[in-house]
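*Asks:* Structure supplied as input.tsv; contents: TSV, C-alpha atoms.
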```
chain	number	residue	atom	x	y	z
A	1487	MET	CA	4.38	60.98	2.71
A	1488	GLU	CA	1.82	58.18	2.16
A	1489	PRO	CA	2.16	56.02	-0.96
A	1490	GLU	CA	-0.60	56.40	-3.51
A	1491	LEU	CA	-2.94	53.47	-3.93
A	1492	ASP	CA	-2.66	52.18	-7.48
A	1493	ALA	CA	-4.97	49.22	-7.01
A	1494	LYS	CA	-8.47	49.51	-8.33
A	1495	VAL	CA	-11.43	48.14	-6.46
A	1496	PRO	CA	-12.46	44.93	-8.24
A	1497	PRO	CA	-15.88	44.89	-9.92
A	1498	VAL	CA	-18.67	43.63	-7.68
A	1499	GLU	CA	-19.46	40.94	-10.27
A	1500	LEU	CA	-15.97	39.48	-9.86
A	1501	LEU	CA	-16.23	39.56	-6.08
A	1502	ALA	CA	-19.65	37.92	-6.13
A	1503	THR	CA	-18.76	35.14	-8.56
A	1504	ASP	CA	-15.65	34.37	-6.53
A	1505	ALA	CA	-17.66	34.25	-3.30
A	1506	ILE	CA	-20.36	32.05	-4.88
A	1507	ALA	CA	-17.72	29.59	-6.10
A	1508	ARG	CA	-16.07	29.56	-2.66
A	1509	PHE	CA	-19.38	28.84	-0.92
A	1510	CYS	CA	-20.04	25.97	-3.37
A	1511	LEU	CA	-16.56	24.57	-2.69
A	1512	ALA	CA	-17.19	24.90	1.03
A	1513	ALA	CA	-20.50	23.04	0.68
A	1514	HIS	CA	-18.68	20.16	-1.02
A	1515	ALA	CA	-16.07	20.15	1.74
A	1516	TYR	CA	-18.81	20.02	4.39
A	1517	MET	CA	-20.30	16.99	2.60
A	1518	ASP	CA	-16.97	15.12	2.40
A	1519	GLU	CA	-17.44	11.62	3.78
A	1520	ASP	CA	-13.73	11.21	4.51
A	1521	VAL	CA	-14.20	13.64	7.36
A	1522	ARG	CA	-17.22	14.07	9.58
A	1523	PRO	CA	-19.86	15.60	7.28
A	1524	ASP	CA	-21.67	18.74	8.42
A	1525	ILE	CA	-24.84	18.67	6.34
A	1526	PRO	CA	-26.43	21.74	8.00
A	1527	ALA	CA	-23.29	23.78	7.22
A	1528	ALA	CA	-23.38	22.55	3.62
A	1529	GLU	CA	-27.01	23.61	3.33
A	1530	THR	CA	-26.20	27.06	4.72
A	1531	ALA	CA	-23.32	27.50	2.27
A	1532	ILE	CA	-25.60	26.52	-0.64
A	1533	ASP	CA	-28.33	28.90	0.55
A	1534	ILE	CA	-25.85	31.80	0.76
A	1535	ALA	CA	-24.39	31.05	-2.68
A	1536	SER	CA	-27.90	30.82	-4.15
A	1537	ALA	CA	-28.99	34.09	-2.60
A	1538	MET	CA	-25.89	35.87	-3.89
A	1539	PHE	CA	-26.47	34.48	-7.36
A	1540	GLU	CA	-30.12	35.58	-7.39
A	1541	ARG	CA	-29.05	39.09	-6.39
A	1542	MET	CA	-26.26	39.27	-8.99
A	1543	LYS	CA	-27.41	37.22	-11.97
A	1544	GLU	CA	-28.74	40.16	-14.02
A	1545	ARG	CA	-25.34	41.85	-13.81
A	1546	LEU	CA	-23.45	38.83	-15.13
A	1547	ARG	CA	-22.59	37.93	-18.70
A	1548	PRO	CA	-24.60	35.01	-20.12
A	1549	GLU	CA	-21.64	32.62	-19.99
A	1550	GLU	CA	-21.01	33.52	-16.34
A	1551	ARG	CA	-24.68	33.00	-15.51
A	1552	LEU	CA	-24.62	29.60	-17.18
A	1553	ALA	CA	-21.43	28.50	-15.42
A	1554	ILE	CA	-22.71	29.51	-12.00
A	1555	THR	CA	-26.12	27.95	-12.66
A	1556	GLN	CA	-24.38	24.68	-13.52
A	1557	LEU	CA	-22.15	24.90	-10.45
A	1558	LEU	CA	-25.11	25.54	-8.14
A	1559	THR	CA	-27.15	22.75	-9.75
A	1560	GLU	CA	-24.33	20.24	-9.35
A	1561	THR	CA	-23.78	21.33	-5.74
A	1562	ARG	CA	-27.49	21.04	-4.94
A	1563	MET	CA	-27.69	17.58	-6.56
A	1564	THR	CA	-24.73	16.40	-4.49
A	1565	PHE	CA	-26.40	17.79	-1.38
A	1566	VAL	CA	-29.65	15.96	-2.08
A	1567	LYS	CA	-27.76	12.68	-2.62
A	1568	LYS	CA	-25.71	13.12	0.56
A	1569	ARG	CA	-28.72	14.05	2.61
A	1570	GLY	CA	-30.50	10.96	1.39
A	1571	LEU	CA	-33.57	12.49	-0.17
```
Let me see the structure of the file written as structure tokens.

*Replies:*
Amino acid sequence: MEPELDAKVPPVELLATDAIARFCLAAHAYMDEDVRPDIPAAETAIDIASAMFERMKERLRPEERLAITQLLTETRMTFVKKRGL
């Protein structure tokens, strides 16, 4: 007899916000000067996080939208500084 699955599938909003935050964290890690920076990888991570946010933002609560907007803005600003633009 197989055990019943009690776990619910998490809401897509939760999955997306978690993934966006992880891509932003990865972008910061790729820009770390204590290790060899990988600026193209950081840019890719930011692009993916941004695309996910654009696709999901209408489904998020206002406070979630604001928090992710701030996170993406801070990550982009760090990227621009590290890239030297």

*Asks:* What are the centre and edge lengths in Å, to one decimal, of the axis-aligned box around all listed atoms of range 1504-1511 of chain A with 3 Å added on each side, as lines of an AutoDock Vina configuration file?

*Replies:*
```
center_x = -18.0
center_y = 29.5
center_z = -3.7
size_x = 10.7
size_y = 15.8
size_z = 11.6
```

*Asks:* Quick one: everything within 8 Å of range 1524-1538 of chain A, counting only C-alpha atoms, minus sequence neighbours fewer than 3 positions away in the same chain. Send it as a list in words.

*Replies:*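 So, after excluding close chain neighbours, the residues are Ala1502, Ala1505, Ile1506, Ala1507, Phe1509, Cys1510, Ala1512, Ala1513, His1514, Ala1515, Tyr1516, Met1517, Arg1541, Met1542, Leu1558, Thr1561, Arg1562, Phe1565 and Arg1569 of chain A.
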
*Asks:* Kindly give the distance, in Å, that separates CA of Leu1511 in chain A and CA of Lys1543 in chain A, rounded to a single decimal.

*Replies:*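 Interatomic distance here is 19.1 Å.
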
*Asks:* Considering all atoms listed in the file, can you say which of A:Pro1496, A:Glu1550, A:Phe1539, A:Asp1518 comes closest to Thr1564 in chain A?

*Replies:*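 Looking only at the distances to Thr1564 in chain A, the closest residue turns out to be A:Asp1518.
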
*Asks:* Could you tell me how far CA of Pro1497 in chain A sits from CA of Ala1553 in chain A, in Å to one decimal place?

*Replies:*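 Going from CA of Ala1553 in chain A over to CA of Pro1497 in chain A, I get 18.2 Å.
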
*Asks:* Would you please work out which residue, of A:Val1521, A:Leu1501, A:Val1566, A:Val1495, is nearest to Leu1546 in chain A when using only C-alpha atoms?

*Replies:*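 Closest to Leu1546 in chain A of all the choices is A:Leu1501.
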
*Asks:* Taking only C-alpha atoms into account, which of A:Asp1504, A:Pro1523, A:Val1498, A:Arg1547 comes nearest Lys1568 in chain A?

*Replies:*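 Closest residue, counting only C-alpha atoms: A:Pro1523.
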
*Asks:* Looking at A:Arg1508, A:Gln1556, A:Glu1499, A:Lys1494, which one is nearest to Glu1544 in chain A, with distances taken over all atoms listed in the file?

*Replies:*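 Of A:Arg1508, A:Gln1556, A:Glu1499, A:Lys1494, the one nearest Glu1544 in chain A, counting all atoms listed in the file, is A:Glu1499.
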
*Asks:* Pull C-alpha atoms for range 1490-1524 of chain A from the block and write them as a PDB file, in the first residue's frame.

*Replies:*
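That gives us out_35.pdb:
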```
ATOM      1  CA  GLU A1490      -0.978   9.101   0.863  1.00  0.00           C
ATOM      2  CA  LEU A1491       0.639  12.395  -0.009  1.00  0.00           C
ATOM      3  CA  ASP A1492      -0.371  14.966   2.591  1.00  0.00           C
ATOM      4  CA  ALA A1493       1.797  17.758   1.241  1.00  0.00           C
ATOM      5  CA  LYS A1494       0.133  20.446  -0.786  1.00  0.00           C
ATOM      6  CA  VAL A1495       1.731  21.935  -3.833  1.00  0.00           C
ATOM      7  CA  PRO A1496       3.023  25.378  -2.827  1.00  0.00           C
ATOM      8  CA  PRO A1497       1.427  28.399  -4.494  1.00  0.00           C
ATOM      9  CA  VAL A1498       3.190  29.518  -7.655  1.00  0.00           C
ATOM     10  CA  GLU A1499       3.648  32.978  -6.115  1.00  0.00           C
ATOM     11  CA  LEU A1500       5.707  31.472  -3.293  1.00  0.00           C
ATOM     12  CA  LEU A1501       7.807  29.448  -5.709  1.00  0.00           C
ATOM     13  CA  ALA A1502       8.405  32.458  -7.943  1.00  0.00           C
ATOM     14  CA  THR A1503       9.350  34.870  -5.163  1.00  0.00           C
ATOM     15  CA  ASP A1504      11.746  32.287  -3.742  1.00  0.00           C
ATOM     16  CA  ALA A1505      13.335  31.740  -7.154  1.00  0.00           C
ATOM     17  CA  ILE A1506      13.631  35.491  -7.796  1.00  0.00           C
ATOM     18  CA  ALA A1507      15.362  35.994  -4.446  1.00  0.00           C
ATOM     19  CA  ARG A1508      17.717  33.075  -5.152  1.00  0.00           C
ATOM     20  CA  PHE A1509      18.664  34.478  -8.562  1.00  0.00           C
ATOM     21  CA  CYS A1510      19.371  37.876  -6.957  1.00  0.00           C
ATOM     22  CA  LEU A1511      21.544  36.205  -4.317  1.00  0.00           C
ATOM     23  CA  ALA A1512      23.336  34.283  -7.044  1.00  0.00           C
ATOM     24  CA  ALA A1513      23.958  37.524  -8.958  1.00  0.00           C
ATOM     25  CA  HIS A1514      25.585  39.025  -5.860  1.00  0.00           C
ATOM     26  CA  ALA A1515      27.713  35.896  -5.436  1.00  0.00           C
ATOM     27  CA  TYR A1516      28.833  36.116  -9.075  1.00  0.00           C
ATOM     28  CA  MET A1517      29.891  39.731  -8.459  1.00  0.00           C
ATOM     29  CA  ASP A1518      31.891  38.913  -5.304  1.00  0.00           C
ATOM     30  CA  GLU A1519      35.364  40.395  -5.624  1.00  0.00           C
ATOM     31  CA  ASP A1520      36.826  37.983  -3.063  1.00  0.00           C
ATOM     32  CA  VAL A1521      36.481  35.275  -5.678  1.00  0.00           C
ATOM     33  CA  ARG A1522      36.865  35.586  -9.414  1.00  0.00           C
ATOM     34  CA  PRO A1523      33.803  37.609 -10.496  1.00  0.00           C
ATOM     35  CA  ASP A1524      31.647  36.272 -13.332  1.00  0.00           C
TER      36      ASP A1524
END
```
